[in-house]
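Raw contents of my_file-v6.pdb, PDB, C-alpha atoms:
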MODEL        1
ATOM      1  CA  MET M1402     100.534 110.120 105.044  1.00  0.00           C
ATOM      2  CA  TYR M1403      97.772 111.806 107.010  1.00  0.00           C
ATOM      3  CA  GLY M1404      97.601 114.633 109.497  1.00  0.00           C
ATOM      4  CA  TYR M1405     100.026 116.899 107.627  1.00  0.00           C
ATOM      5  CA  GLN M1406      99.272 120.351 106.231  1.00  0.00           C
ATOM      6  CA  CYS M1407      97.831 120.854 102.754  1.00  0.00           C
ATOM      7  CA  GLU M1408     100.340 122.462 100.422  1.00  0.00           C
ATOM      8  CA  TYR M1409      97.687 124.845  99.059  1.00  0.00           C
ATOM      9  CA  CYS M1410      95.690 126.150 102.015  1.00  0.00           C
ATOM     10  CA  GLN M1411      97.440 124.814 105.152  1.00  0.00           C
ATOM     11  CA  GLY M1412      94.357 122.740 106.069  1.00  0.00           C
ATOM     12  CA  THR M1413      94.858 119.253 107.507  1.00  0.00           C
ATOM     13  CA  VAL M1414      94.973 116.208 105.228  1.00  0.00           C
ATOM     14  CA  GLN M1415      92.757 113.431 106.596  1.00  0.00           C
ATOM     15  CA  PRO M1416      92.219 109.839 105.400  1.00  0.00           C
ATOM     16  CA  ARG M1417      89.020 109.293 103.460  1.00  0.00           C
ATOM     17  CA  THR M1418      87.635 106.207 101.727  1.00  0.00           C
ATOM     18  CA  VAL M1419      86.232 107.061  98.310  1.00  0.00           C
ATOM     19  CA  LYS M1420      83.938 104.794  96.305  1.00  0.00           C
ATOM     20  CA  GLN M1421      85.685 105.533  92.987  1.00  0.00           C
ATOM     21  CA  GLN M1422      88.735 107.597  92.108  1.00  0.00           C
ATOM     22  CA  VAL M1423      89.633 108.140  88.443  1.00  0.00           C
ATOM     23  CA  PHE M1424      93.277 108.529  87.453  1.00  0.00           C
ATOM     24  CA  LYS M1425      94.527 109.763  84.078  1.00  0.00           C
ATOM     25  CA  HIS M1426      97.690 107.978  82.997  1.00  0.00           C
ATOM     26  CA  ARG M1427      99.725 108.460  79.829  1.00  0.00           C
ATOM     27  CA  ASP M1428      98.547 104.974  78.800  1.00  0.00           C
ATOM     28  CA  GLY M1429      94.841 105.572  79.577  1.00  0.00           C
ATOM     29  CA  PHE M1430      92.491 105.900  82.508  1.00  0.00           C
ATOM     30  CA  VAL M1431      92.314 103.742  85.634  1.00  0.00           C
ATOM     31  CA  ILE M1432      89.525 103.718  88.210  1.00  0.00           C
ATOM     32  CA  LEU M1433      90.289 102.510  91.726  1.00  0.00           C
ATOM     33  CA  GLU M1434      87.351 101.561  93.926  1.00  0.00           C
ATOM     34  CA  ASP M1435      87.014 101.764  97.708  1.00  0.00           C
ATOM     35  CA  VAL M1436      90.440 103.333  98.095  1.00  0.00           C
ATOM     36  CA  ILE M1437      91.739 105.384 101.020  1.00  0.00           C
ATOM     37  CA  ILE M1438      93.210 108.707  99.926  1.00  0.00           C
ATOM     38  CA  GLY M1439      94.219 111.899 101.707  1.00  0.00           C
ATOM     39  CA  VAL M1440      91.743 114.782 101.485  1.00  0.00           C
ATOM     40  CA  CYS M1441      92.312 118.294 102.819  1.00  0.00           C
ATOM     41  CA  ASP M1442      89.633 119.124 105.379  1.00  0.00           C
ATOM     42  CA  ASN M1443      89.550 122.720 104.132  1.00  0.00           C
ATOM     43  CA  CYS M1444      89.991 122.934 100.337  1.00  0.00           C
ATOM     44  CA  ARG M1445      89.313 119.228  99.541  1.00  0.00           C
ATOM     45  CA  ASN M1446      92.544 118.809  97.534  1.00  0.00           C
ATOM     46  CA  ARG M1447      93.321 115.100  97.151  1.00  0.00           C
ATOM     47  CA  TYR M1448      96.594 113.360  97.952  1.00  0.00           C
ATOM     48  CA  TYR M1449      97.650 109.869  96.870  1.00  0.00           C
ATOM     49  CA  SER M1450     100.165 107.494  98.404  1.00  0.00           C
ATOM     50  CA  ALA M1451     103.010 106.008  96.379  1.00  0.00           C
ATOM     51  CA  GLU M1452     101.287 102.613  96.729  1.00  0.00           C
ATOM     52  CA  ILE M1453      98.169 103.951  94.979  1.00  0.00           C
ATOM     53  CA  LEU M1454     100.174 105.597  92.192  1.00  0.00           C
ATOM     54  CA  HIS M1455     102.204 102.412  91.627  1.00  0.00           C
ATOM     55  CA  ALA M1456      98.968 100.387  91.410  1.00  0.00           C
ATOM     56  CA  VAL M1457      97.550 102.813  88.830  1.00  0.00           C
ATOM     57  CA  HIS M1458     100.744 102.576  86.779  1.00  0.00           C
ATOM     58  CA  ALA M1459     100.740  98.771  86.931  1.00  0.00           C
ATOM     59  CA  VAL M1460      97.158  98.518  85.657  1.00  0.00           C
ATOM     60  CA  ALA M1461      97.606 101.228  82.997  1.00  0.00           C
ATOM     61  CA  THR M1462     100.731  99.574  81.580  1.00  0.00           C
ATOM     62  CA  GLY M1463      99.349  96.027  81.683  1.00  0.00           C
ATOM     63  CA  LYS M1464     101.674  94.764  84.424  1.00  0.00           C
ATOM     64  CA  SER M1465      98.632  94.087  86.601  1.00  0.00           C
ATOM     65  CA  SER M1466      95.195  92.941  85.439  1.00  0.00           C
ATOM     66  CA  PRO M1467      92.115  94.997  86.327  1.00  0.00           C
ATOM     67  CA  ASP M1468      89.162  93.363  88.095  1.00  0.00           C
ATOM     68  CA  ARG M1469      86.954  94.493  85.206  1.00  0.00           C
ATOM     69  CA  THR M1470      86.863  96.966  82.326  1.00  0.00           C
ATOM     70  CA  GLU M1471      84.231  99.701  81.931  1.00  0.00           C
ATOM     71  CA  GLN M1472      83.103 101.541  78.807  1.00  0.00           C
ATOM     72  CA  ILE M1473      83.378 105.331  78.927  1.00  0.00           C
ATOM     73  CA  PRO M1474      81.294 107.481  76.559  1.00  0.00           C
ATOM     74  CA  VAL M1475      83.282 110.105  74.614  1.00  0.00           C
ATOM     75  CA  THR M1476      81.894 113.018  72.599  1.00  0.00           C
ATOM     76  CA  HIS M1477      82.832 116.431  71.244  1.00  0.00           C
ATOM     77  CA  LEU M1478      81.052 119.542  72.451  1.00  0.00           C
ATOM     78  CA  LYS M1479      79.520 121.390  69.522  1.00  0.00           C
ATOM     79  CA  SER M1480      80.244 125.117  69.363  1.00  0.00           C
ATOM     80  CA  ALA M1481      77.243 127.452  69.462  1.00  0.00           C
TER      81      ALA M1481
ENDMDL
END
This entry written out as structure tokens:
Amino acid sequence: MYGYQCEYCQGTVQPRTVKQQVFKHRDGFVILEDVIIGVCDNCRNRYYSAEILHAVHAVATGKSSPDRTEQIPVTHLKSA
């Protein structure tokens, strides 16, 4: 999964461990912690393995239980 060229800038995609990565899923949001993803060394575009995407889907659809659940504040921005 790593060492290939970025589809946007032709930089090199390198493995990187990130503390938290948030994923938006049609059934909600999922946060993965301490996960290794691919990151372009030039433009910083992020790439995810099929294993990561399957894990996100499993948690979002209830097929897999999360370690914990976090509250996320939501608000509307008032127009000036």
Quiz item: Do you know which residues lie at most 6 Å from (90.4, 119.1, 103.6), with coordinates as in the file and all atoms listed in the file counted, and could you write them as a count of residues only?
Solution: 9
Self-check item: Result set of the PyMOL selection byres ((chain M and resi 1418) around 10) on the coordinates above, as a ChimeraX atom specification
Solution: /M:1416-1417,1419-1422,1434-1440
Keeping C-alpha atoms for every residue in the selection just given, could you write it to a file as a PDB file, keeping the file's coordinate frame?
ATOM      1  CA  PRO M1416      92.219 109.839 105.400  1.00  0.00           C
ATOM      2  CA  ARG M1417      89.020 109.293 103.460  1.00  0.00           C
ATOM      3  CA  VAL M1419      86.232 107.061  98.310  1.00  0.00           C
ATOM      4  CA  LYS M1420      83.938 104.794  96.305  1.00  0.00           C
ATOM      5  CA  GLN M1421      85.685 105.533  92.987  1.00  0.00           C
ATOM      6  CA  GLN M1422      88.735 107.597  92.108  1.00  0.00           C
ATOM      7  CA  GLU M1434      87.351 101.561  93.926  1.00  0.00           C
ATOM      8  CA  ASP M1435      87.014 101.764  97.708  1.00  0.00           C
ATOM      9  CA  VAL M1436      90.440 103.333  98.095  1.00  0.00           C
ATOM     10  CA  ILE M1437      91.739 105.384 101.020  1.00  0.00           C
ATOM     11  CA  ILE M1438      93.210 108.707  99.926  1.00  0.00           C
ATOM     12  CA  GLY M1439      94.219 111.899 101.707  1.00  0.00           C
ATOM     13  CA  VAL M1440      91.743 114.782 101.485  1.00  0.00           C
TER      14      VAL M1440
END
Quiz item: Which distance in Å separates atom CA of Ile1432 of chain M and atom CA of Lys1479 of chain M, to one decimal?
Solution: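 Taking atom CA of Ile1432 of chain M and atom CA of Lys1479 of chain M, their separation equals 27.6 Å.
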Practice problem: Go ahead and compute the interatomic distance for atom CA of Ser1465 of chain M and atom CA of Leu1433 of chain M, in Å to one decimal. | Solution: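 Distance reported for this atom pair: 12.9 Å.
Separating atom CA of Gln1411 of chain M from atom CA of Lys1425 of chain M is a distance of 26.1 Å.
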Could you work out an axis-aligned bounding box for all listed atoms of segment 1441-1457 of chain M, with 5 Å added on each of the six sides, and give its centre and edge lengths in Å to one decimal, as AutoDock Vina command-line options?
--center_x 96.2 --center_y 111.7 --center_z 97.1 --size_x 23.7 --size_y 32.5 --size_z 26.5
Quiz item: What residues come out when you apply the PyMOL selection byres ((chain M and resi 1454-1461) around 10) to this file, written as a PyMOL selection string?
Solution: chain M and resi 1423-1433+1449-1453+1462-1468
